[in-house]
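File shown here: run-v1.cif, holding mmCIF, C-alpha atoms and all ligand atoms.
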```cif
data_model
#
loop_
_atom_site.group_PDB
_atom_site.id
_atom_site.type_symbol
_atom_site.label_atom_id
_atom_site.label_comp_id
_atom_site.auth_asym_id
_atom_site.auth_seq_id
_atom_site.Cartn_x
_atom_site.Cartn_y
_atom_site.Cartn_z
ATOM 1 C CA MET A 1 39.287 165.692 236.977
ATOM 2 C CA LYS A 2 35.868 166.925 238.153
ATOM 3 C CA LYS A 3 35.572 166.844 241.926
ATOM 4 C CA SER A 4 32.582 165.034 243.363
ATOM 5 C CA ALA A 5 29.537 166.627 245.001
ATOM 6 C CA LYS A 6 29.324 165.657 248.665
ATOM 7 C CA THR A 7 26.856 165.634 251.541
ATOM 8 C CA PRO A 8 27.772 167.506 254.753
ATOM 9 C CA ALA A 9 28.041 164.151 256.548
ATOM 10 C CA GLU A 10 30.773 162.933 254.163
ATOM 11 C CA THR A 11 33.225 165.637 255.255
ATOM 12 C CA ALA A 12 32.057 166.442 258.804
ATOM 13 C CA ILE A 13 34.578 166.222 261.632
ATOM 14 C CA GLU A 14 34.121 165.714 265.349
ATOM 15 C CA THR A 15 37.155 165.978 267.573
ATOM 16 C CA ARG A 16 38.033 166.741 271.165
ATOM 17 C CA TYR A 17 40.853 168.409 273.038
ATOM 18 C CA VAL A 18 41.517 168.720 276.757
ATOM 19 C CA LEU A 19 42.079 172.186 278.222
ATOM 20 C CA ALA A 20 45.631 172.221 279.622
ATOM 21 C CA PRO A 21 47.108 174.701 282.179
ATOM 22 C CA HIS A 22 49.082 176.644 279.534
ATOM 23 C CA MET A 23 45.852 177.402 277.629
ATOM 24 C CA VAL A 24 44.149 179.534 280.288
ATOM 25 C CA ASN A 25 43.950 183.250 281.065
ATOM 26 C CA ALA A 26 44.559 184.995 284.402
ATOM 27 C CA LEU A 27 41.130 183.806 285.632
ATOM 28 C CA GLY A 28 42.070 180.171 285.031
ATOM 29 C CA THR A 29 39.558 179.742 282.210
ATOM 30 C CA ALA A 30 40.166 179.051 278.524
ATOM 31 C CA PHE A 31 42.032 181.733 276.615
ATOM 32 C CA GLY A 32 39.665 182.658 273.744
ATOM 33 C CA GLY A 33 42.465 182.580 271.161
ATOM 34 C CA VAL A 34 43.109 178.878 271.840
ATOM 35 C CA ILE A 35 39.482 177.977 271.171
ATOM 36 C CA MET A 36 39.416 180.208 268.065
ATOM 37 C CA SER A 37 42.521 178.482 266.737
ATOM 38 C CA TRP A 38 40.971 175.019 267.233
ATOM 39 C CA ILE A 39 37.789 176.230 265.491
ATOM 40 C CA ASP A 40 39.772 177.521 262.502
ATOM 41 C CA VAL A 41 41.813 174.325 262.180
ATOM 42 C CA VAL A 42 38.825 171.973 262.413
ATOM 43 C CA ALA A 43 36.725 174.072 260.016
ATOM 44 C CA ALA A 44 39.608 174.306 257.526
ATOM 45 C CA MET A 45 39.982 170.502 257.547
ATOM 46 C CA VAL A 46 36.273 170.143 256.710
ATOM 47 C CA ALA A 47 36.592 172.706 253.893
ATOM 48 C CA GLN A 48 39.687 170.935 252.503
ATOM 49 C CA ARG A 49 37.868 167.591 252.573
ATOM 50 C CA HIS A 50 34.924 169.093 250.677
ATOM 51 C CA CYS A 51 37.092 170.924 248.112
ATOM 52 C CA GLU A 52 39.748 168.190 247.820
ATOM 53 C CA GLY A 53 42.314 170.990 247.729
ATOM 54 C CA THR A 54 43.644 174.244 249.122
ATOM 55 C CA VAL A 55 41.398 176.633 251.048
ATOM 56 C CA VAL A 56 42.013 179.906 252.886
ATOM 57 C CA THR A 57 39.948 181.444 255.646
ATOM 58 C CA ALA A 58 38.167 184.499 254.215
ATOM 59 C CA SER A 59 36.120 185.458 257.283
ATOM 60 C CA VAL A 60 34.830 184.357 260.647
ATOM 61 C CA ASP A 61 31.471 185.625 261.898
ATOM 62 C CA THR A 62 30.965 187.096 265.345
ATOM 63 C CA MET A 63 31.767 184.538 268.020
ATOM 64 C CA SER A 64 30.145 184.500 271.471
ATOM 65 C CA PHE A 65 31.597 182.595 274.409
ATOM 66 C CA LEU A 66 28.608 181.419 276.448
ATOM 67 C CA ASP A 67 30.217 179.502 279.291
ATOM 68 C CA PRO A 68 33.778 179.421 280.713
ATOM 69 C CA ILE A 69 35.909 176.308 280.093
ATOM 70 C CA TYR A 70 38.131 175.079 282.939
ATOM 71 C CA ILE A 71 41.426 173.176 283.068
ATOM 72 C CA GLY A 72 40.730 169.473 282.509
ATOM 73 C CA ASP A 73 37.442 170.022 280.681
ATOM 74 C CA HIS A 74 37.082 168.198 277.391
ATOM 75 C CA VAL A 75 36.336 170.535 274.494
ATOM 76 C CA ILE A 76 34.300 168.901 271.738
ATOM 77 C CA LEU A 77 34.238 170.511 268.307
ATOM 78 C CA LYS A 78 31.798 169.469 265.585
ATOM 79 C CA ALA A 79 32.181 170.986 262.143
ATOM 80 C CA SER A 80 30.369 170.508 258.834
ATOM 81 C CA VAL A 81 29.686 172.314 255.563
ATOM 82 C CA ASN A 82 26.512 174.419 255.661
ATOM 83 C CA TYR A 83 26.581 176.116 252.303
ATOM 84 C CA VAL A 84 28.509 176.214 249.070
ATOM 85 C CA GLY A 85 28.689 179.246 246.765
ATOM 86 C CA ARG A 86 30.723 179.400 243.546
ATOM 87 C CA THR A 87 34.249 179.595 244.975
ATOM 88 C CA SER A 88 33.470 179.888 248.689
ATOM 89 C CA LEU A 89 31.838 177.700 251.296
ATOM 90 C CA GLU A 90 30.555 178.176 254.832
ATOM 91 C CA VAL A 91 31.509 175.736 257.586
ATOM 92 C CA GLY A 92 29.636 175.775 260.903
ATOM 93 C CA VAL A 93 31.388 174.764 264.114
ATOM 94 C CA THR A 94 29.741 174.046 267.450
ATOM 95 C CA VAL A 95 31.870 173.835 270.579
ATOM 96 C CA ASN A 96 30.727 172.025 273.704
ATOM 97 C CA LYS A 97 32.592 171.510 276.951
ATOM 98 C CA GLU A 98 32.313 168.180 278.754
ATOM 99 C CA ASN A 99 33.066 167.499 282.391
ATOM 100 C CA PRO A 100 35.097 164.246 282.118
ATOM 101 C CA ILE A 101 33.987 163.083 285.604
ATOM 102 C CA ASN A 102 30.218 163.206 285.146
ATOM 103 C CA GLY A 103 30.020 163.479 281.318
ATOM 104 C CA ARG A 104 27.816 166.580 281.503
ATOM 105 C CA GLN A 105 28.015 168.719 278.361
ATOM 106 C CA ASN A 106 27.292 172.425 277.875
ATOM 107 C CA PRO A 107 27.386 174.490 274.704
ATOM 108 C CA THR A 108 30.118 177.132 274.753
ATOM 109 C CA THR A 109 30.487 178.553 271.249
ATOM 110 C CA THR A 110 29.071 178.490 267.737
ATOM 111 C CA ALA A 111 31.059 179.877 264.827
ATOM 112 C CA TYR A 112 30.546 180.254 261.083
ATOM 113 C CA LEU A 113 33.627 180.450 258.883
ATOM 114 C CA THR A 114 33.889 181.211 255.182
ATOM 115 C CA PHE A 115 36.668 179.603 253.163
ATOM 116 C CA VAL A 116 37.687 180.244 249.571
ATOM 117 C CA HIS A 117 38.957 177.362 247.435
ATOM 118 C CA LEU A 118 42.155 178.290 245.564
ATOM 119 C CA ASP A 119 43.657 176.666 242.478
ATOM 120 C CA ASN A 120 47.361 175.992 241.917
ATOM 121 C CA ASP A 121 47.884 179.647 240.899
ATOM 122 C CA GLY A 122 46.309 180.901 244.136
ATOM 123 C CA GLN A 123 43.123 182.064 242.363
ATOM 124 C CA PRO A 124 39.553 181.370 243.589
ATOM 125 C CA THR A 125 38.168 178.307 241.829
ATOM 126 C CA ASP A 126 34.861 176.395 241.749
ATOM 127 C CA VAL A 127 33.844 174.477 244.863
ATOM 128 C CA PRO A 128 32.188 171.036 244.421
ATOM 129 C CA LYS A 129 28.408 171.053 244.899
ATOM 130 C CA LEU A 130 26.778 170.303 248.239
ATOM 131 C CA LEU A 131 24.174 167.514 248.352
ATOM 132 C CA LEU A 132 21.488 168.232 250.932
ATOM 133 C CA GLU A 133 20.342 164.892 252.295
ATOM 134 C CA THR A 134 18.550 165.463 255.588
ATOM 135 C CA GLU A 135 16.074 168.014 256.958
ATOM 136 C CA GLU A 136 18.902 169.277 259.210
ATOM 137 C CA ASP A 137 21.164 169.784 256.143
ATOM 138 C CA LYS A 138 18.380 171.818 254.518
ATOM 139 C CA ARG A 139 17.749 173.926 257.636
ATOM 140 C CA ARG A 140 21.444 174.739 258.014
ATOM 141 C CA HIS A 141 21.713 175.533 254.319
ATOM 142 C CA GLU A 142 18.764 177.963 254.447
ATOM 143 C CA ASN A 143 20.188 179.758 257.506
ATOM 144 C CA ALA A 144 23.629 179.917 255.896
ATOM 145 C CA ARG A 145 22.157 181.371 252.705
ATOM 146 C CA ALA A 146 20.743 184.266 254.775
ATOM 147 C CA ARG A 147 24.173 184.849 256.393
ATOM 148 C CA VAL A 148 25.957 184.739 253.007
ATOM 149 C CA GLN A 149 23.540 187.364 251.672
ATOM 150 C CA ALA A 150 23.989 189.546 254.767
ATOM 151 C CA ARG A 151 27.813 189.310 254.498
ATOM 152 C CA LYS A 152 27.723 190.306 250.822
ATOM 153 C CA GLU A 153 25.515 193.315 251.572
ATOM 154 C CA LEU A 154 27.751 194.388 254.447
ATOM 155 C CA ARG A 155 30.923 194.115 252.306
ATOM 156 C CA LYS A 156 29.247 196.179 249.583
ATOM 157 C CA LYS A 157 28.234 198.890 252.075
ATOM 158 C CA ILE A 158 31.667 199.032 253.691
ATOM 159 C CA ARG A 159 33.423 199.428 250.306
ATOM 160 C CA LYS A 160 31.351 202.578 249.487
HETATM 161 C C1 LIG A 201 39.860 185.127 250.526
HETATM 162 C C2 LIG A 201 40.403 185.741 249.253
HETATM 163 C C3 LIG A 201 41.084 184.662 248.404
HETATM 164 C C4 LIG A 201 39.187 186.306 248.469
HETATM 165 O O1 LIG A 201 39.729 186.957 247.350
HETATM 166 P P1 LIG A 201 38.806 187.946 246.479
HETATM 167 O O2 LIG A 201 39.636 188.522 245.420
HETATM 168 O O3 LIG A 201 38.013 188.823 247.393
HETATM 169 O O4 LIG A 201 37.862 186.917 245.790
HETATM 170 P P2 LIG A 201 36.479 187.162 245.124
HETATM 171 O O5 LIG A 201 36.011 188.587 245.203
HETATM 172 O O6 LIG A 201 36.564 186.521 243.765
HETATM 173 O O7 LIG A 201 35.501 186.296 246.041
HETATM 174 C C5 LIG A 201 35.639 184.893 246.067
HETATM 175 C C6 LIG A 201 34.557 184.314 246.951
HETATM 176 O O8 LIG A 201 34.871 184.632 248.302
HETATM 177 C C7 LIG A 201 33.779 185.290 248.920
HETATM 178 N N1 LIG A 201 34.384 186.242 249.841
HETATM 179 C C8 LIG A 201 35.376 187.118 249.579
HETATM 180 N N2 LIG A 201 35.678 187.798 250.699
HETATM 181 C C9 LIG A 201 34.867 187.346 251.673
HETATM 182 C C10 LIG A 201 34.696 187.661 253.055
HETATM 183 N N3 LIG A 201 35.420 188.605 253.656
HETATM 184 N N4 LIG A 201 33.754 186.993 253.764
HETATM 185 C C11 LIG A 201 32.996 186.043 253.163
HETATM 186 N N5 LIG A 201 33.120 185.684 251.859
HETATM 187 C C12 LIG A 201 34.043 186.342 251.126
HETATM 188 C C13 LIG A 201 33.013 185.944 247.773
HETATM 189 O O9 LIG A 201 31.674 186.174 248.112
HETATM 190 C C14 LIG A 201 33.162 184.880 246.691
HETATM 191 O O10 LIG A 201 32.259 183.823 246.971
HETATM 192 P P3 LIG A 201 31.495 182.992 245.781
HETATM 193 O O11 LIG A 201 32.458 182.757 244.670
HETATM 194 O O12 LIG A 201 31.113 181.708 246.454
HETATM 195 O O13 LIG A 201 30.324 183.823 245.393
HETATM 196 C C15 LIG A 201 41.425 186.892 249.546
HETATM 197 O O14 LIG A 201 40.747 187.954 250.191
HETATM 198 C C16 LIG A 201 42.582 186.425 250.404
HETATM 199 O O15 LIG A 201 43.520 185.810 249.921
HETATM 200 N N6 LIG A 201 42.547 186.712 251.726
HETATM 201 C C17 LIG A 201 43.576 186.275 252.645
HETATM 202 C C18 LIG A 201 43.245 184.864 253.172
HETATM 203 C C19 LIG A 201 44.131 184.479 254.320
HETATM 204 O O16 LIG A 201 45.302 184.801 254.321
HETATM 205 N N7 LIG A 201 43.529 183.805 255.313
HETATM 206 C C20 LIG A 201 44.159 183.482 256.546
HETATM 207 C C21 LIG A 201 45.083 182.331 256.456
HETATM 208 S S1 LIG A 201 44.405 180.882 255.741
#
```
Could you write out this structure as structure tokens?
Amino acid sequence: MKKSAKTPAETAIETRYVLAPHMVNALGTAFGGVIMSWIDVVAAMVAQRHCEGTVVTASVDTMSFLDPIYIGDHVILKASVNYVGRTSLEVGVTVNKENPINGRQNPTTTAYLTFVHLDNDGQPTDVPKLLLETEEDKRRHENARARVQARKELRKKIRK
């Protein structure tokens, strides 16, 4: 059965966690690995929803942590598909922290993850098309296209 083309909005996810005491480093701020794990899980769910099947994480671009997250802060993750290739797709994730007392939000991280859609034999298989609906969809898609190209060139150079 042919899988349907989808807009980014159809598979986007927004979720939130609260930073608990066992998730912090010696400074009492979020341990980076916890945030990275949440990013991977949320992005993978978006990729699965788009592909209607199995995906694996192929790569994660450089991640910068802009602002420390403290115990009790809410951590809001928003993820959506930016770009679809033949068998791979890029999902963008933005992470904001929210002070639950005053509701103030600050950006903390942005990440771009590439997933590959696998068939039942574990081989890369075609990803459903992405329908670009809004100006924001188109902007994200254009930026992602530049990153996809840059990643391909880098992989080619490294192999030599
Ligand atoms: C991801 C994986 C399936 C790619 O296999 P591969 O043999 O390199 O596949 P291909 O060369 O056919 O490339 C498939 C697609 O992935 C893309 N790709 C492969 N490696 C990539 C990387 N490191 N970063 C970004 N994209 C990548 C290719 O550009 C291609 O995209 P396209 O079809 O949209 O043009 C394989 O490397 C793998 O199984 N890695 C381990 C995954 C894993 O264990 N993840 C963590 C747990 S989920």
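In terms of minimum interatomic distance to ligand LIG 201 (chain A), A:Thr87 ranks closest within A:Asn143, A:Thr125, A:Asn99, A:Thr87, counting all atoms listed in the file.
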Give the centre and edge lengths of an axis-aligned box, in Å to one decimal, that holds all listed atoms of ligand LIG 201 (chain A) with 6 Å on each side, as lines of an AutoDock Vina configuration file.
```
center_x = 37.8
center_y = 184.9
center_z = 250.2
size_x = 27.0
size_y = 19.9
size_z = 24.8
```
Practice item. Around ligand LIG 201 (chain A), at most 10 Å away and counting only C-alpha atoms and all ligand atoms, which residues are there? Put them as a PyMOL selection string, please. Key: chain A and resi 40-41+44+54-61+83-90+113-118+122-127+147-152+154-155
Selection to disk with C-alpha atoms, as a PDB file, in the frame of the given file:
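To be explicit, this is the file written out as part_9.pdb:
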```
ATOM      1  CA  ASP A  40      39.772 177.521 262.502  1.00  0.00           C
ATOM      2  CA  VAL A  41      41.813 174.325 262.180  1.00  0.00           C
ATOM      3  CA  ALA A  44      39.608 174.306 257.526  1.00  0.00           C
ATOM      4  CA  THR A  54      43.644 174.244 249.122  1.00  0.00           C
ATOM      5  CA  VAL A  55      41.398 176.633 251.048  1.00  0.00           C
ATOM      6  CA  VAL A  56      42.013 179.906 252.886  1.00  0.00           C
ATOM      7  CA  THR A  57      39.948 181.444 255.646  1.00  0.00           C
ATOM      8  CA  ALA A  58      38.167 184.499 254.215  1.00  0.00           C
ATOM      9  CA  SER A  59      36.120 185.458 257.283  1.00  0.00           C
ATOM     10  CA  VAL A  60      34.830 184.357 260.647  1.00  0.00           C
ATOM     11  CA  ASP A  61      31.471 185.625 261.898  1.00  0.00           C
ATOM     12  CA  TYR A  83      26.581 176.116 252.303  1.00  0.00           C
ATOM     13  CA  VAL A  84      28.509 176.214 249.070  1.00  0.00           C
ATOM     14  CA  GLY A  85      28.689 179.246 246.765  1.00  0.00           C
ATOM     15  CA  ARG A  86      30.723 179.400 243.546  1.00  0.00           C
ATOM     16  CA  THR A  87      34.249 179.595 244.975  1.00  0.00           C
ATOM     17  CA  SER A  88      33.470 179.888 248.689  1.00  0.00           C
ATOM     18  CA  LEU A  89      31.838 177.700 251.296  1.00  0.00           C
ATOM     19  CA  GLU A  90      30.555 178.176 254.832  1.00  0.00           C
ATOM     20  CA  LEU A 113      33.627 180.450 258.883  1.00  0.00           C
ATOM     21  CA  THR A 114      33.889 181.211 255.182  1.00  0.00           C
ATOM     22  CA  PHE A 115      36.668 179.603 253.163  1.00  0.00           C
ATOM     23  CA  VAL A 116      37.687 180.244 249.571  1.00  0.00           C
ATOM     24  CA  HIS A 117      38.957 177.362 247.435  1.00  0.00           C
ATOM     25  CA  LEU A 118      42.155 178.290 245.564  1.00  0.00           C
ATOM     26  CA  GLY A 122      46.309 180.901 244.136  1.00  0.00           C
ATOM     27  CA  GLN A 123      43.123 182.064 242.363  1.00  0.00           C
ATOM     28  CA  PRO A 124      39.553 181.370 243.589  1.00  0.00           C
ATOM     29  CA  THR A 125      38.168 178.307 241.829  1.00  0.00           C
ATOM     30  CA  ASP A 126      34.861 176.395 241.749  1.00  0.00           C
ATOM     31  CA  VAL A 127      33.844 174.477 244.863  1.00  0.00           C
ATOM     32  CA  ARG A 147      24.173 184.849 256.393  1.00  0.00           C
ATOM     33  CA  VAL A 148      25.957 184.739 253.007  1.00  0.00           C
ATOM     34  CA  GLN A 149      23.540 187.364 251.672  1.00  0.00           C
ATOM     35  CA  ALA A 150      23.989 189.546 254.767  1.00  0.00           C
ATOM     36  CA  ARG A 151      27.813 189.310 254.498  1.00  0.00           C
ATOM     37  CA  LYS A 152      27.723 190.306 250.822  1.00  0.00           C
ATOM     38  CA  LEU A 154      27.751 194.388 254.447  1.00  0.00           C
ATOM     39  CA  ARG A 155      30.923 194.115 252.306  1.00  0.00           C
TER      40      ARG A 155
END
```
Practice item. Pick out the closest residue to Leu27 (chain A) from this set: A:Pro128, A:Tyr70, A:Arg139, A:His50. Count all atoms listed in the file. Key: A:Tyr70
Please report as a tab-separated table every residue of region 35-132 of chain A lying within 9 Å of region 6-22 of chain A, along with the nearest atom pair and their distance in Å (one decimal), using only C-alpha atoms.
```
residue	atom	partner	partner_atom	distance
A:Trp38	CA	A:Tyr17	CA	8.8
A:Val42	CA	A:Ile13	CA	7.2
A:Ala43	CA	A:Ile13	CA	8.3
A:Met45	CA	A:Ile13	CA	8.0
A:Val46	CA	A:Thr11	CA	5.6
A:Ala47	CA	A:Thr11	CA	7.9
A:Gln48	CA	A:Thr11	CA	8.8
A:Arg49	CA	A:Thr11	CA	5.7
A:His50	CA	A:Thr11	CA	6.0
A:Ile69	CA	A:Leu19	CA	7.7
A:Tyr70	CA	A:Leu19	CA	6.8
A:Ile71	CA	A:Leu19	CA	5.0
A:Gly72	CA	A:Leu19	CA	5.2
A:Asp73	CA	A:Leu19	CA	5.7
A:His74	CA	A:Val18	CA	4.5
A:Val75	CA	A:Tyr17	CA	5.2
A:Ile76	CA	A:Arg16	CA	4.4
A:Leu77	CA	A:Thr15	CA	5.4
A:Lys78	CA	A:Glu14	CA	4.4
A:Ala79	CA	A:Ile13	CA	5.4
A:Ser80	CA	A:Ala12	CA	4.4
A:Val81	CA	A:Pro8	CA	5.2
A:Asn82	CA	A:Pro8	CA	7.1
A:Pro128	CA	A:Lys6	CA	7.4
A:Lys129	CA	A:Lys6	CA	6.6
A:Leu130	CA	A:Lys6	CA	5.3
A:Leu131	CA	A:Thr7	CA	4.6
A:Leu132	CA	A:Thr7	CA	6.0
```
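Taking CA of Ile39 (chain A) as the reference point, CA of Ile158 (chain A) is found at 26.4 Å.
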